[in-house]
file upload.cif (mmCIF, C-alpha atoms and all ligand atoms)
data_entry
loop_
_atom_site.label_atom_id
_atom_site.label_comp_id
_atom_site.auth_asym_id
_atom_site.auth_seq_id
_atom_site.Cartn_x
_atom_site.Cartn_y
_atom_site.Cartn_z
CA MET E 1 111.35 81.43 87.79
CA GLY E 2 107.85 81.56 89.21
CA GLU E 3 105.44 78.99 90.49
CA ILE E 4 106.14 75.33 90.02
CA ASP E 5 103.36 72.97 89.14
CA LEU E 6 104.23 70.48 91.88
CA ALA E 7 101.81 67.96 90.49
CA GLY E 8 102.93 68.02 86.86
CA ASP E 9 106.53 69.15 86.44
CA LEU E 10 108.30 67.20 89.15
CA VAL E 11 109.52 63.69 89.77
CA GLU E 12 110.71 62.12 93.00
CA VAL E 13 114.30 60.88 93.22
CA ARG E 14 115.87 58.98 96.09
CA GLU E 15 119.31 59.92 97.26
CA GLY E 16 120.71 58.63 100.53
CA LEU E 17 117.77 58.57 102.95
CA ALA E 18 116.07 61.49 101.25
CA ARG E 19 113.18 61.63 98.82
CA ILE E 20 113.59 64.71 96.71
CA LEU E 21 111.21 66.30 94.24
CA VAL E 22 113.19 67.59 91.29
CA PRO E 23 112.25 68.86 87.81
CA LYS E 24 111.32 66.01 85.47
CA THR E 25 114.08 67.09 83.10
CA HIS E 26 117.24 67.44 85.15
CA THR E 27 120.98 67.07 84.73
CA VAL E 28 122.25 63.50 84.95
CA ARG E 29 125.93 64.10 84.37
CA GLY E 30 128.37 66.95 84.05
CA PRO E 31 129.82 69.16 82.93
CA GLY E 32 127.29 70.33 80.46
CA LYS E 33 124.33 72.53 80.08
CA VAL E 34 122.31 73.33 83.17
CA VAL E 35 119.10 71.39 82.65
CA GLY E 36 115.92 72.14 84.60
CA SER E 37 115.13 74.66 87.30
CA PRO E 38 115.54 74.35 90.25
CA PHE E 39 118.76 72.54 89.48
CA TYR E 40 119.44 68.92 90.39
CA ASN E 41 122.39 66.86 89.12
CA ARG E 42 122.36 63.14 89.78
CA ALA E 43 126.13 62.99 89.10
CA MET E 44 126.73 65.16 92.18
CA ALA E 45 125.35 62.52 94.57
CA PHE E 46 128.94 61.39 95.22
CA PRO E 47 130.19 64.65 96.79
CA ARG E 48 126.93 64.84 98.75
CA HIS E 49 127.61 61.35 100.22
CA ILE E 50 131.03 62.67 101.24
CA SER E 51 129.55 65.87 102.68
CA VAL E 52 127.22 63.77 104.85
CA LEU E 53 130.20 61.73 106.12
CA VAL E 54 132.20 64.90 106.88
CA MET E 55 129.24 66.50 108.68
CA GLU E 56 128.64 63.41 110.77
CA ALA E 57 132.35 63.05 111.64
CA LEU E 58 132.55 66.70 112.72
CA SER E 59 129.07 66.98 114.21
CA SER E 60 130.37 67.74 117.72
CA LYS E 61 131.98 70.95 116.38
CA VAL E 62 129.10 72.10 114.22
CA ARG E 63 125.73 73.60 115.13
CA ARG E 64 124.79 76.35 112.65
CA VAL E 65 124.89 74.84 109.16
CA LEU E 66 124.34 76.78 105.95
CA ASP E 67 123.51 75.08 102.63
CA GLY E 68 124.15 78.40 100.91
CA LEU E 69 123.19 77.55 97.31
CA ALA E 70 120.56 74.95 98.10
CA SER E 71 118.63 74.64 94.84
CA CYS E 72 116.11 71.83 95.61
CA GLY E 73 117.66 71.36 99.09
CA VAL E 74 119.07 67.85 98.71
CA LEU E 75 122.31 68.50 100.60
CA GLY E 76 120.79 70.25 103.62
CA ILE E 77 118.01 67.66 103.82
CA ARG E 78 120.45 64.74 103.63
CA CYS E 79 122.54 66.28 106.42
CA ALA E 80 119.42 66.63 108.58
CA LEU E 81 118.38 63.01 107.93
CA GLU E 82 121.75 61.25 107.88
CA ALA E 83 124.47 63.13 109.76
CA HIS E 84 123.13 62.74 113.34
CA GLY E 85 124.02 66.10 114.83
CA SER E 86 122.20 68.83 116.75
CA PHE E 87 122.25 71.06 113.73
CA GLU E 88 120.37 74.27 113.07
CA ILE E 89 120.15 74.06 109.30
CA THR E 90 119.56 77.01 106.99
CA LEU E 91 118.90 76.36 103.29
CA ASN E 92 119.22 79.35 101.02
CA ASP E 93 118.73 80.03 97.33
CA ARG E 94 118.00 83.35 95.71
CA LYS E 95 115.53 81.82 93.26
CA ARG E 96 111.93 81.82 94.40
CA ASP E 97 111.12 78.50 92.69
CA ALA E 98 114.05 76.85 94.51
CA HIS E 99 112.90 78.34 97.83
CA ASP E 100 109.39 76.92 97.32
CA LEU E 101 110.71 73.50 96.33
CA VAL E 102 113.06 73.34 99.36
CA LYS E 103 110.04 73.92 101.62
CA LYS E 104 108.12 71.14 99.91
CA ASN E 105 111.10 68.76 100.11
CA LEU E 106 111.63 69.45 103.82
CA GLU E 107 107.96 68.66 104.37
CA ILE E 108 107.93 65.32 102.51
CA ASN E 109 111.06 64.24 104.38
CA GLY E 110 109.61 65.24 107.76
CA VAL E 111 112.53 67.59 108.51
CA GLN E 112 111.39 70.13 111.05
CA GLY E 113 112.97 73.30 112.32
CA ALA E 114 115.11 74.05 109.26
CA ARG E 115 115.11 77.66 108.07
CA VAL E 116 114.54 78.40 104.38
CA LEU E 117 115.76 81.71 102.94
CA CYS E 118 115.56 83.32 99.53
CA GLU E 119 118.51 85.72 99.52
CA ASP E 120 121.68 86.58 97.73
CA LEU E 121 124.26 84.36 99.44
CA ASN E 122 126.82 87.16 99.75
CA VAL E 123 124.31 89.35 101.60
CA LEU E 124 123.42 86.51 103.98
CA LEU E 125 127.10 85.72 104.66
CA CYS E 126 127.75 89.38 105.53
CA ARG E 127 124.92 89.38 108.05
CA GLU E 128 125.15 86.04 109.89
CA HIS E 129 127.66 83.62 111.38
CA PHE E 130 127.73 79.89 110.74
CA ASP E 131 129.89 76.95 111.87
CA TYR E 132 129.63 75.19 108.50
CA VAL E 133 129.10 76.86 105.16
CA ASP E 134 128.61 74.87 101.95
CA VAL E 135 128.97 76.77 98.68
CA ASP E 136 128.06 74.72 95.59
CA PRO E 137 127.78 77.15 92.66
CA PHE E 138 127.67 76.80 88.90
CA GLY E 139 131.34 77.25 87.98
CA SER E 140 133.79 78.95 90.29
CA PRO E 141 133.18 79.57 94.00
CA VAL E 142 135.57 82.57 94.16
CA ARG E 143 132.88 85.23 94.32
CA PHE E 144 131.64 83.80 97.64
CA VAL E 145 134.94 82.94 99.34
CA ASP E 146 135.73 86.23 101.13
CA ASN E 147 132.27 86.60 102.63
CA ALA E 148 132.17 82.92 103.61
CA LEU E 149 135.49 83.33 105.45
CA ARG E 150 134.13 86.35 107.35
CA SER E 151 130.90 84.55 108.18
CA LEU E 152 132.51 81.47 109.71
CA SER E 153 132.77 81.14 113.47
CA PRO E 154 136.18 80.27 115.03
CA ARG E 155 137.19 76.77 113.86
CA GLY E 156 134.42 76.91 111.27
CA LEU E 157 134.26 74.63 108.27
CA LEU E 158 134.09 75.76 104.69
CA ALA E 159 132.95 73.37 101.96
CA LEU E 160 133.38 74.54 98.37
CA THR E 161 132.63 73.01 94.99
CA ALA E 162 134.32 74.24 91.81
CA THR E 163 133.18 73.03 88.41
CA ASP E 164 135.49 75.33 86.41
CA THR E 165 137.99 72.48 86.20
CA ALA E 166 139.04 73.40 82.65
CA ALA E 167 140.33 76.77 83.90
CA LEU E 168 142.01 75.33 87.00
CA ALA E 169 143.60 72.41 85.16
CA GLY E 170 145.36 74.57 82.58
CA ASN E 171 142.99 74.56 79.57
CA TYR E 172 142.26 78.27 80.06
CA PRO E 173 145.35 79.70 81.75
CA ARG E 174 144.19 83.32 81.53
CA THR E 175 140.91 82.51 83.26
CA CYS E 176 142.81 80.67 85.97
CA LEU E 177 145.13 83.63 86.49
CA ARG E 178 142.20 86.04 86.64
CA ARG E 179 140.08 83.97 89.05
CA TYR E 180 142.72 82.32 91.20
CA GLY E 181 145.83 84.48 90.74
CA ALA E 182 147.81 81.41 89.68
CA VAL E 183 149.40 79.94 86.58
CA SER E 184 148.23 76.52 85.45
CA VAL E 185 149.49 74.51 82.49
CA ARG E 186 148.27 71.28 80.92
CA SER E 187 150.15 68.22 82.07
CA PRO E 188 149.51 64.57 82.98
CA PHE E 189 148.96 65.77 86.55
CA SER E 190 146.80 68.82 85.74
CA HIS E 191 143.83 67.79 87.90
CA GLU E 192 146.11 67.61 90.92
CA VAL E 193 147.57 71.01 90.04
CA GLY E 194 144.06 72.45 89.57
CA LEU E 195 142.96 71.23 92.99
CA ARG E 196 146.13 72.53 94.62
CA ILE E 197 145.69 75.94 92.94
CA LEU E 198 142.11 76.08 94.27
CA VAL E 199 143.19 75.20 97.83
CA GLY E 200 146.17 77.59 97.56
CA SER E 201 143.90 80.46 96.54
CA ILE E 202 141.67 79.91 99.60
CA VAL E 203 144.73 79.77 101.87
CA ARG E 204 145.84 83.12 100.42
CA SER E 205 142.36 84.67 100.75
CA ALA E 206 142.21 83.52 104.39
CA GLY E 207 145.70 84.89 105.01
CA ARG E 208 144.51 88.40 104.18
CA TYR E 209 142.31 88.28 107.31
CA ASP E 210 144.95 86.56 109.51
CA LEU E 211 142.98 83.33 109.12
CA ALA E 212 144.41 79.91 108.41
CA ALA E 213 142.72 77.52 105.99
CA ARG E 214 143.64 73.85 106.34
CA PRO E 215 142.25 71.21 103.97
CA LEU E 216 140.55 68.36 105.82
CA LEU E 217 139.65 66.69 102.54
CA ALA E 218 140.06 67.96 99.00
CA PHE E 219 139.43 65.89 95.90
CA TRP E 220 138.77 65.88 92.16
CA ARG E 221 136.24 63.69 90.42
CA GLU E 222 134.77 63.71 86.93
CA HIS E 223 133.99 67.38 86.33
CA TYR E 224 134.44 69.05 89.71
CA TYR E 225 136.64 69.71 92.71
CA LYS E 226 135.31 69.54 96.26
CA VAL E 227 137.20 70.92 99.24
CA PHE E 228 136.46 70.89 102.97
CA LEU E 229 138.63 73.28 104.96
CA GLU E 230 138.92 74.13 108.62
CA ILE E 231 139.29 77.88 109.14
CA THR E 232 141.11 79.06 112.27
CA SER E 233 142.25 82.51 113.32
CA GLY E 234 145.62 83.88 114.33
CA ALA E 235 148.58 85.33 112.44
CA ARG E 236 150.92 82.51 113.46
CA ARG E 237 148.57 79.78 112.20
CA SER E 238 147.98 81.80 109.07
CA ASP E 239 151.76 82.09 108.47
CA GLU E 240 152.08 78.33 108.96
CA ALA E 241 149.35 77.66 106.38
CA VAL E 242 150.97 80.05 103.90
CA SER E 243 154.31 78.26 104.37
CA HIS E 244 152.76 75.30 102.49
CA LEU E 245 152.36 77.36 99.33
CA GLY E 246 154.84 76.76 96.56
CA TYR E 247 155.30 76.24 92.84
CA ALA E 248 155.65 73.32 90.47
CA GLU E 249 157.93 72.87 87.52
CA TYR E 250 157.23 70.49 84.62
CA GLN E 251 160.23 69.77 82.43
CA PRO E 252 161.08 67.49 79.53
CA ARG E 253 161.21 63.73 80.22
CA GLY E 254 158.28 64.19 82.61
CA ILE E 255 160.46 65.65 85.32
CA ARG E 256 158.40 67.46 87.95
CA THR E 257 159.53 69.32 91.01
CA ILE E 258 157.92 71.31 93.79
CA SER E 259 159.86 74.28 95.14
CA SER E 260 159.58 77.92 96.15
CA ASP E 261 160.12 78.87 92.55
CA GLY E 262 158.57 77.51 89.36
CA GLU E 263 156.25 78.28 86.47
CA ILE E 264 153.07 76.65 87.86
CA GLY E 265 151.31 78.13 90.89
CA PRO E 266 151.23 79.38 93.52
CA LEU E 267 149.63 76.20 94.79
CA TRP E 268 149.09 74.24 98.00
CA THR E 269 151.92 71.73 98.50
CA GLY E 270 150.72 70.21 101.82
CA PRO E 271 148.42 67.22 102.48
CA LEU E 272 145.04 67.16 100.75
CA CYS E 273 143.33 65.11 103.40
CA GLU E 274 143.54 64.32 107.07
CA LEU E 275 143.90 60.65 107.90
CA ALA E 276 142.06 60.92 111.26
CA LEU E 277 139.00 62.38 109.53
CA LEU E 278 138.96 59.63 106.89
CA GLU E 279 139.28 56.97 109.59
CA SER E 280 136.28 58.38 111.42
CA PHE E 281 133.97 58.16 108.38
CA LYS E 282 131.05 55.73 108.69
CA PRO E 283 129.91 54.96 105.14
CA GLN E 284 126.42 53.48 105.07
CA ASP E 285 125.26 50.38 103.19
CA TYR E 286 122.95 52.49 101.03
CA MET E 287 125.92 54.49 99.73
CA PRO E 288 127.46 53.16 96.50
CA ALA E 289 130.66 51.06 96.59
CA VAL E 290 132.63 53.88 94.97
CA VAL E 291 132.43 55.82 98.25
CA ASN E 292 134.40 53.10 100.06
CA ARG E 293 136.81 52.78 97.15
CA TYR E 294 137.67 56.49 97.25
CA ILE E 295 138.02 56.53 101.03
CA GLU E 296 140.44 53.60 100.84
CA ILE E 297 142.64 55.33 98.25
CA TRP E 298 142.48 58.70 100.05
CA GLN E 299 143.78 56.93 103.17
CA GLU E 300 146.72 55.56 101.16
CA GLU E 301 147.28 58.94 99.55
CA ALA E 302 146.84 61.07 102.68
CA MET E 303 150.52 61.72 103.36
CA ALA E 304 151.78 61.25 99.79
CA ARG E 305 153.93 63.92 98.24
CA PRO E 306 152.82 65.89 95.22
CA LEU E 307 152.77 65.32 92.22
CA LEU E 308 151.42 62.11 90.73
CA TYR E 309 152.98 60.06 87.92
CA THR E 310 151.15 57.71 85.58
CA THR E 311 152.39 54.32 84.38
CA ASP E 312 151.79 55.50 80.77
CA GLU E 313 154.15 58.45 81.25
CA VAL E 314 156.85 56.24 82.72
CA ALA E 315 156.44 53.85 79.77
CA SER E 316 156.70 56.62 77.21
CA VAL E 317 159.83 58.17 78.80
CA LEU E 318 161.54 54.79 79.17
CA HIS E 319 160.26 53.32 75.87
CA ILE E 320 158.87 50.25 77.60
CA PRO E 321 155.35 48.75 77.74
CA ALA E 322 153.31 50.35 80.53
CA PRO E 323 154.03 48.37 83.72
CA PRO E 324 150.99 47.26 85.77
CA LEU E 325 150.30 49.69 88.59
CA HIS E 326 150.55 47.05 91.33
CA ARG E 327 154.05 46.11 90.13
CA VAL E 328 155.20 49.75 90.14
CA LEU E 329 153.95 50.17 93.72
CA GLU E 330 155.60 46.91 94.80
CA THR E 331 158.95 47.82 93.20
CA LEU E 332 159.02 51.24 94.82
CA ARG E 333 158.05 49.94 98.25
CA GLU E 334 160.62 47.14 98.08
CA ALA E 335 163.28 49.77 97.33
CA GLY E 336 162.24 51.60 100.53
CA PHE E 337 160.19 54.41 99.00
CA GLU E 338 156.66 55.43 99.85
CA ALA E 339 154.24 54.63 97.08
CA SER E 340 150.48 54.94 96.88
CA ARG E 341 147.62 54.88 94.42
CA THR E 342 145.79 58.12 93.71
CA THR E 343 142.18 59.04 92.94
CA PHE E 344 143.37 61.53 90.32
CA HIS E 345 144.10 58.80 87.74
CA PRO E 346 143.35 55.06 87.46
CA LYS E 347 146.94 54.44 86.31
CA GLY E 348 148.40 57.10 88.60
CA PHE E 349 150.66 56.79 91.63
CA LYS E 350 152.55 58.99 94.06
CA THR E 351 155.94 58.25 95.49
CA SER E 352 158.71 59.64 97.64
CA ALA E 353 161.22 58.55 94.96
CA ASP E 354 162.42 61.39 92.77
CA TRP E 355 162.28 61.05 88.98
CA GLU E 356 165.88 59.79 88.69
CA GLU E 357 165.28 56.98 91.19
CA LEU E 358 161.91 56.24 89.64
CA TYR E 359 163.28 55.82 86.13
CA ARG E 360 166.28 53.82 87.42
CA LEU E 361 164.01 51.40 89.31
CA LEU E 362 161.42 50.96 86.57
CA GLY E 363 163.69 51.13 83.56
CA PRO E 364 164.96 48.07 81.66
CA SER E 365 167.51 46.23 83.76
C1 LIG E 401 124.74 74.28 91.34
S1 LIG E 401 123.23 74.83 92.02
C2 LIG E 401 123.25 74.17 93.65
C3 LIG E 401 123.04 72.69 93.71
C4 LIG E 401 122.74 72.15 95.07
N1 LIG E 401 123.73 72.57 96.06
C5 LIG E 401 122.63 70.64 95.03
O1 LIG E 401 123.38 69.93 95.81
O2 LIG E 401 121.84 70.10 94.25
C6 LIG E 401 123.53 76.54 92.32
C7 LIG E 401 122.33 77.26 92.92
O3 LIG E 401 122.81 78.53 93.37
C8 LIG E 401 121.78 79.50 93.23
N2 LIG E 401 122.47 80.81 93.22
C9 LIG E 401 123.32 81.30 92.31
N3 LIG E 401 123.83 82.48 92.72
C10 LIG E 401 123.29 82.74 93.94
C11 LIG E 401 123.46 83.79 94.89
N4 LIG E 401 124.27 84.81 94.64
N5 LIG E 401 122.76 83.72 96.04
C12 LIG E 401 121.94 82.67 96.30
N6 LIG E 401 121.72 81.66 95.42
C13 LIG E 401 122.39 81.68 94.26
C14 LIG E 401 121.10 79.11 91.92
O4 LIG E 401 119.77 79.59 91.91
C15 LIG E 401 121.20 77.58 91.96
O5 LIG E 401 120.01 77.02 92.47
#

call {"tool": "encode", "arguments": {"input": "upload.cif", "output": "structure tokens"}}
result
Amino acid sequence: MGEIDLAGDLVEVREGLARILVPKTHTVRGPGKVVGSPFYNRAMAFPRHISVLVMEALSSKVRRVLDGLASCGVLGIRCALEAHGSFEITLNDRKRDAHDLVKKNLEINGVQGARVLCEDLNVLLCREHFDYVDVDPFGSPVRFVDNALRSLSPRGLLALTATDTAALAGNYPRTCLRRYGAVSVRSPFSHEVGLRILVGSIVRSAGRYDLAARPLLAFWREHYYKVFLEITSGARRSDEAVSHLGYAEYQPRGIRTISSDGEIGPLWTGPLCELALLESFKPQDYMPAVVNRYIEIWQEEAMARPLLYTTDEVASVLHIPAPPLHRVLETLREAGFEASRTTFHPKGFKTSADWEELYRLLGPS
């Protein structure tokens, strides 16, 4: 806390079109210890590229934007510089040193008219309404979800980051139950389950206020989940959203099923991204190639059914060498099933074939 020696303790980093002053010693990957204050993590540039693309794609629906846990302000500043909307941007962080650094960063990037606050996010969310709220905490976002839902205007957008992936993906089942009211177990598809539990918990929180939460894009990468949800009001819409909640079952021989009854969940069983949104993204040349690669796979995966398989799992169940992913996809498609790659696993795939058909098609002939 306290004053920052802007001359001595800071370095400038470039991210997107922004120049950002950050502490000389900062986090370069995650998860891990929080290094430096105010916080900056270079490894989180990827979700910020995606946030910029989402903001730009939805800019006609969004005016009042809140970067609720702004730290050094990189997200809010990038949206102002890159997303081309008539936004009224508020950047908030309860730490005074972060507040001071956000002001400095706005100034060096020539961003005018943004509001900088130094408040507890929950207090701010209780007092004001926004069209877009981004909540990027250390760990779980649950403590901000209810107030964010109340703060959003009709058809508002909620963006959440969760870095408690170990809890959501089944490494700490009791923590998951406590935070998200859901059971998670370790499995080859645990990151997909973790993401679906996170989305499911927001759908249930929204349902308590007769609101409907619909994922526009939800993904896992490295050490975090990021979800963008549209929040609409009305009991009927809310019922419809809740109808996509279900459970998963993981049985011997890698058999997995989704139903209204099972040991894993409750979790979101519907689509994790909206194809129309992905198709409207305009990735920029200055963004790394991985952004395009993810968008391409999300488009393939948009309508795919849960839950993913991996070629290694298939090989171990069938006692065969792991088949190359492209051949698995080809075989399934030729047999008339849907098959897609997935960003959850480099050797992963999703298919409309059930496990019996899958093992019959890929097994030794
Ligand atoms: C993970 S960092 C945010 C990183 C930032 N969004 C970025 O893209 O670099 C979390 C920030 O939330 C702030 N914070 C934590 N709890 C808060 C609260 N209740 N109200 C406001 N700020 C809070 C911390 O001071 C910290 O700067």

call {"tool": "closest_residue", "arguments": {"input": "upload.cif", "among": "E:Ala206, E:Val116, E:Ala289, E:Val227", "to": "Pro141 of chain E", "atoms": "all atoms listed in the file"}}
result
E:Val227

call {"tool": "closest_residue", "arguments": {"input": "upload.cif", "among": "E:Ile108, E:Leu308, E:Leu101, E:Val62", "to": "Ser153 of chain E", "atoms": "all atoms listed in the file"}}
result
E:Val62

call {"tool": "residues_near_point", "arguments": {"input": "upload.cif", "point": "(156.3, 58.4, 96.3)", "cutoff": "8 Å", "atoms": "all atoms listed in the file", "output": "MDAnalysis selection string"}}
result
chainID E and resid 304:305 332 337:340 349:354

call {"tool": "write_last_selection", "arguments": {"input": "upload.cif", "atoms": "C-alpha atoms", "output": "compact mmCIF listing (two decimals), in the frame of the given file"}}
result
# COMPACT_ATOMS: atom_id res chain seq x y z
CA ALA E 304 151.78 61.25 99.79
CA ARG E 305 153.93 63.92 98.24
CA LEU E 332 159.02 51.24 94.82
CA PHE E 337 160.19 54.41 99.00
CA GLU E 338 156.66 55.43 99.85
CA ALA E 339 154.24 54.63 97.08
CA SER E 340 150.48 54.94 96.88
CA PHE E 349 150.66 56.79 91.63
CA LYS E 350 152.55 58.99 94.06
CA THR E 351 155.94 58.25 95.49
CA SER E 352 158.71 59.64 97.64
CA ALA E 353 161.22 58.55 94.96
CA ASP E 354 162.42 61.39 92.77

call {"tool": "residues_near_ligand", "arguments": {"input": "upload.cif", "ligand": "ligand LIG 401 (chain E)", "cutoff": "6 Å", "atoms": "all atoms listed in the file", "output": "PDB file with C-alpha atoms, keeping the file's coordinate frame"}}
result
ATOM      1  CA  PRO E  38     115.540  74.350  90.250  1.00  0.00           C
ATOM      2  CA  PHE E  39     118.760  72.540  89.480  1.00  0.00           C
ATOM      3  CA  TYR E  40     119.440  68.920  90.390  1.00  0.00           C
ATOM      4  CA  LEU E  69     123.190  77.550  97.310  1.00  0.00           C
ATOM      5  CA  ALA E  70     120.560  74.950  98.100  1.00  0.00           C
ATOM      6  CA  SER E  71     118.630  74.640  94.840  1.00  0.00           C
ATOM      7  CA  VAL E  74     119.070  67.850  98.710  1.00  0.00           C
ATOM      8  CA  LEU E  75     122.310  68.500 100.600  1.00  0.00           C
ATOM      9  CA  ASP E  93     118.730  80.030  97.330  1.00  0.00           C
ATOM     10  CA  ARG E  94     118.000  83.350  95.710  1.00  0.00           C
ATOM     11  CA  LYS E  95     115.530  81.820  93.260  1.00  0.00           C
ATOM     12  CA  GLU E 119     118.510  85.720  99.520  1.00  0.00           C
ATOM     13  CA  ASP E 120     121.680  86.580  97.730  1.00  0.00           C
ATOM     14  CA  LEU E 121     124.260  84.360  99.440  1.00  0.00           C
ATOM     15  CA  ASP E 136     128.060  74.720  95.590  1.00  0.00           C
ATOM     16  CA  PRO E 137     127.780  77.150  92.660  1.00  0.00           C
ATOM     17  CA  PHE E 138     127.670  76.800  88.900  1.00  0.00           C
TER      18      PHE E 138
END

call {"tool": "atom_distance", "arguments": {"input": "upload.cif", "atom1": "atom CA of Thr163 of chain E", "atom2": "atom CA of His244 of chain E"}}
result
24.2 Å
